[in-house]
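Visitor: Sharing a structure below in structure tokens format, with a few things to ask.
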Amino acid sequence: MSKTITLNHITKIEGHARLNLKIEKGKITTCELSATEGARYFEGIVKGRRYYAAHEMTSRICGICSCAHVVAALTAIEDALGLTISEQSCRLRVLLTLAERIRSHATHLYFLALPDYLGYESALSMAPEYKPQLQSALRLMKMGNGVVKLLGGRDLHPVSAGVGGWLKLPRQEEMEETGKELLKVKKDAIATVKLFAGLRQPEFESDAEWFSLVDPNEYAVLNGKFASGKSSFGKHEYRKFIEEYHQSYSTANFVVKEDHRYFVSALARLNNNHRQLSKDAQKALKDTGLKLPSKNPYHNNLAQAIELIHCIDHAMEICKGEIKKEEMPEITPRPGRGVGAIEVPRGTLWHDYTLDERGTITDANIITPTAQNLYAMQEDIRKRMPSLLKKKREEIVLDVEKLIRNYDPCFSCSAHFLEVKWL
Amino acid sequence: MSKNKKLKVGVYGITGCAGCQLSIIFNEEEILDLLSLIDLKAFPFIKELNTDEEFDYVILEGLVANKLDLEILRKLRKNSKMLISLGACACTGCVPAYRHFTLKENYEHLLYKRQEELQDIEPSPHDEHVKVDYYIPGCPPDKKEILRFIKGSVRGVLPRPHQNPVCIECRRNGNACLLDEGKPCLGPITTGGCNAVCINGGLECWGCRGPTKDMNLELMIKILRDRGFDDRFIQDRMRTFAGLKLPMLERVMQGSKSKVLQTRFDGEKKFYE
């Protein structure tokens with residue numbers, strides 16, 4: 001029996017991708033997951049621009065995680081310039097990143113993932129029967145967007161975060177108000193965990209290893225070492241342990257660590273850092289019965305839901321802090337190289353820039369979570385297939401799509417390039 | 001457009017960041033009611049079942065960056081009475097189109113083989129390839145502007161596109177002029193409608209909504225030069241978001257008198273109130 005399944009346009013994901021599966025005599029002979037997104041060459045076009053253009057331009061890599069790209073770029077540029085930002089600036093960047101995670105997780109969980117499980121084609125068609133659930137989702141999205149707007153000036157591609165600090169600070173009373181609003185939506189996050197804990201997930205184990213930042217001080221956001229259960233690396237050494245190569249059929253490159261596949265995600269973060277979750281998030285985690293560490297990618301949705309509670313708790317803590325007036329530092333360009341590695345909705349994001357003595361960018365490298373996850377995703381599909389072969393075509397497609405969506409891929413982000421030599 | 005029958009609408013994206021489509025969804029309070037006003041035939045970003053038949057209008061995010069994008073753009077144009085370009089990539093080419101103004105050696109080595117149908121095309125906005133009926137510019141577009149467009153379409157009266165520069169809205173908000181503070185703000189030549197959101201947030205305008213039709217580019221350049229910005233800086237800045245809509249830039253900078261200030265933000269006047 002020979003079967004070819006081609007999903008030319010995988011729906012309900014960020015960006016554009018296709019899957020090519022070929023099954024011959026019960027064996028998977030082809031399994032290619034690839035972005036069909038056009039090449040945008042961000043790493044090429046920032047070259048020649050000055051240090052302050054990096055975050056403005058690379059923010060445009062991705063809409064839903066634009067704050068992530070801004071913060072990662074700023075971190076890398078400041079690292080290159082030898083600039084230390086204030087404790088307050090750092091705290092607000094954490095808040096910006098967490099707020100983005102709230103809106104991103106809520107959008108993914110309810111609009112992209114949930115319809116698969118409830119048997120609907122879209123969240124919109126769920127509206128008549130699942131209105132309260134959708135309203136929870138929209139409140140969480142609005143909350144996340146509201147905080148991003150307060151700190152960044154607007155929902156997407158924030159403007160107020162600059163090299164060295166904040167161009168405009170939120171007012172103390174706005175922060176207090178935000179803290180109250182966050183508390184109001186916490187029940188929606190708790191309901192989300194209950195909802196997703198009740199969904200049936202297949203038993204499956206990925207062969208990939210998990211990786212995330214690990215920070216002894218808190219549930220890692222902007223700092224820490226890149227670690228799995230077995231090994232741990234400092235961000236500046238990333239080129240030694242993350243290798244990149246290309247498949248001819250894809251815009252995206254796959255990243256391999258010492259020849260092993262790995263994944264980054266909310267689940268990876270939970271595996272490493274669940275003991276640092278907020279009290280209520282830990283309680284919710286315990287109630288779900290989710291066993292950690294887990295290498296089942298179908299658990300990523302639940303991990304995201306649990307993170308919603310933690311993000312709200314952590315964000316509320318930050319909102320209690322005092323806002324002091326601070327001036328932006330004077331910046332003197334100098335040559336150097338800097339790396340930014342931060343935890344963003346879909347996993348660890350890397351930005352790396354080299355500057356010359358005028359502060360002009362001479363080299364850039366960006367590795368997104370989805371680029372790192374592509375290999376694991378593709379091989380998970382390959383591993384999952386044999387148990388699906390007897391099913392109907394539609395069921396295979398739904399199962400595979402579920403698997404892909406559980407990773408919450410962003411193919412806009414993953415269209416990423418590095419020098420390759422074709423022989 | 002008939003008032004009794006719901007309008008058939010498609011929302012699609014080609015190469016881009018999905019941020020414009022999110023800007024539609026991020027109208028959190030209105031989205032469910034809004035989408036019930038129209039017959040949403042396609043929105044692959046959030047829908048599994050999508051039919052690309054006859055549309056009254058298609059809202060399309062993203063720029064043309066490969067052959068597949070162009071094929072999709074042409075097909076949607078053919079299948080739709082109106083084509084709405086959503087966001088800066090669609091309207092001006094945005095940051096990805098800055099590639100036109102960067103040295104080839106900066107990105108050449110990043111090129112690699114792709115399948116024939118995914119081969120690169122010079123990054124370009126929609127109107128380089130097909131007729132566009134309405135522009136909702138900006139990176140990101142103002143989510144309320146999208147809301148007004150969809151509501152207007154249902155009433156049969158589309159909102160009039162913004163003509164005034166960002167400065168008008170910026171002054172109304174009571175912001176201090178960033179040019180006066182010595183910052184390279186492009187507000188005077190950039191189409192408003194964003195409520196000067198960047199300047200409100202402390203950042204100078206980078207021109208993401210594209211140039212106004214009656215901009216005085218010569219004066220803008222003079223103002224920036226007077227504030228000590230060199231020509232390289234001015235060019236880089238103006239081309240970051242809307243370089244393709246400023247083909248006259250170099251000539252104006254060199255002081256040539258033969259200015260061609262016509263931009264392509266014309267749209268179709270007959271649709272407006």
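Chains: A, B, ... in order of the structure tokens. Residues: from 1 per chain. Ligands: from 1, in order shown.
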Could you work out which residues of chain A fall inside 7 Å of chain B? Count only C-alpha atoms, and format the result as an MDAnalysis selection string.

Guide: chainID A and resid 11:15 36:41 44:45 47 57 60:64 111:112 121:122 138 142 153 156:157 159:160 167:168 248:249 412 417:419

Visitor: Once DSSP has gone over the backbone, tell me which residues of region 85-253 of chain A are in helix (DSSP H, G or I), as a PyMOL selection string.

Guide: chain A and resi 87-118+123-126+131-152+172-197+235-241

Visitor: One decimal, in Å: what's the spacing between CA of Glu250 (chain B) and CA of Arg232 (chain B)?

Guide: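 Going from CA of Glu250 (chain B) over to CA of Arg232 (chain B), I get 10.5 Å.
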
Visitor: Please indicate the distance in Å from CA of Glu322 (chain A) to CA of Ser86 (chain A), rounded to one decimal place.

Guide: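 Atom-to-atom, CA of Glu322 (chain A) to CA of Ser86 (chain A), that is 13.1 Å.
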
Visitor: From a DSSP pass on the backbone, collect the residues of region 5-221 of chain A flagged as strand (DSSP E or B) and hand them back as a PyMOL selection string.

Guide: chain A and resi 5-7+14+17-24+27-35+50+122+161-162+165-166+209-210+212-215+218

Visitor: With a distance cut-off of 6 Å and only C-alpha atoms, select the neighbouring residues of region 289-300 of chain A, excluding the residue or stretch itself and same-chain residues fewer than 3 positions from it, and output the selection as a VMD selection string.

Guide: chain A and resid 204 to 206 267 271 286 303 406

Visitor: With a distance cut-off of 12 Å and only C-alpha atoms, select the neighbouring residues of region 381-392 of chain A, excluding the residue or stretch itself and same-chain residues fewer than 5 positions from it, and output the selection as a PyMOL selection string.

Guide: chain A and resi 1-5+19-33+202-208+296-298+374-376+397-407

Visitor: Would you mind reading off the distance between CA of Gly193 (chain B) and CA of His162 (chain B), one decimal, in Å?

Guide: 5.8 Å

Visitor: Find the spatial neighbours of region 235-240 of chain A, counting only C-alpha atoms, within a cut-off of 8 Å - ignore same-chain residues fewer than 5 positions away - and output them as an NGL selection string.

Guide: :A and (225-226 or 338-341)

Visitor: I need the chosen residues saved as a PDB file, in the first residue's frame, with N, CA and C atoms.

Guide:
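Saved file out_4.pdb follows:
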ATOM      1  N   LYS A 225      21.426  29.905  32.126  1.00  0.00           N
ATOM      2  CA  LYS A 225      22.170  29.027  31.226  1.00  0.00           C
ATOM      3  C   LYS A 225      21.185  28.201  30.415  1.00  0.00           C
ATOM      4  N   PHE A 226      21.613  27.804  29.223  1.00  0.00           N
ATOM      5  CA  PHE A 226      20.796  26.988  28.340  1.00  0.00           C
ATOM      6  C   PHE A 226      21.027  25.542  28.765  1.00  0.00           C
ATOM      7  N   GLY A 338      27.861  40.664  20.844  1.00  0.00           N
ATOM      8  CA  GLY A 338      26.958  40.425  21.962  1.00  0.00           C
ATOM      9  C   GLY A 338      25.915  39.379  21.619  1.00  0.00           C
ATOM     10  N   VAL A 339      25.499  38.632  22.637  1.00  0.00           N
ATOM     11  CA  VAL A 339      24.491  37.589  22.438  1.00  0.00           C
ATOM     12  C   VAL A 339      23.327  37.838  23.400  1.00  0.00           C
ATOM     13  N   GLY A 340      22.133  37.688  22.887  1.00  0.00           N
ATOM     14  CA  GLY A 340      20.937  37.743  23.723  1.00  0.00           C
ATOM     15  C   GLY A 340      20.227  36.408  23.634  1.00  0.00           C
ATOM     16  N   ALA A 341      19.983  35.784  24.765  1.00  0.00           N
ATOM     17  CA  ALA A 341      19.222  34.530  24.790  1.00  0.00           C
ATOM     18  C   ALA A 341      18.126  34.702  25.814  1.00  0.00           C
TER      19      ALA A 341
END

Visitor: List the neighbours of Leu95 (chain A) out to 8 Å using only C-alpha atoms; skip same-chain residues closer than 4 positions along the sequence, and give me the result as a PyMOL selection string.

Guide: chain A and resi 91+99+315+318

Visitor: Name the residues in contact with Glu174 (chain A) at a cut-off of 8 Å, using only C-alpha atoms, excluding same-chain residues fewer than 4 positions from it; report them as a PyMOL selection string.

Guide: chain A and resi 150+170+178

Visitor: Keeping only N, CA and C atoms, write those residues as a PDB file, in the first residue's frame.

Guide:
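Saved file selection_3.pdb follows:
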ATOM      1  N   LEU A 150       0.804  49.220  27.473  1.00  0.00           N
ATOM      2  CA  LEU A 150       1.206  50.141  28.543  1.00  0.00           C
ATOM      3  C   LEU A 150       2.721  50.346  28.533  1.00  0.00           C
ATOM      4  N   PRO A 170       5.968  53.691  32.225  1.00  0.00           N
ATOM      5  CA  PRO A 170       4.574  53.741  32.686  1.00  0.00           C
ATOM      6  C   PRO A 170       4.504  54.509  34.007  1.00  0.00           C
ATOM      7  N   THR A 178      -2.883  48.004  36.603  1.00  0.00           N
ATOM      8  CA  THR A 178      -2.596  46.791  35.842  1.00  0.00           C
ATOM      9  C   THR A 178      -2.538  45.570  36.761  1.00  0.00           C
TER      10      THR A 178
END

Visitor: A:Glu87, A:Glu379, A:Asp280, A:Glu395: which is nearest Cys311 (chain A), counting only C-alpha atoms?

Guide: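 Distance minimum relative to Cys311 (chain A) lands on A:Asp280.
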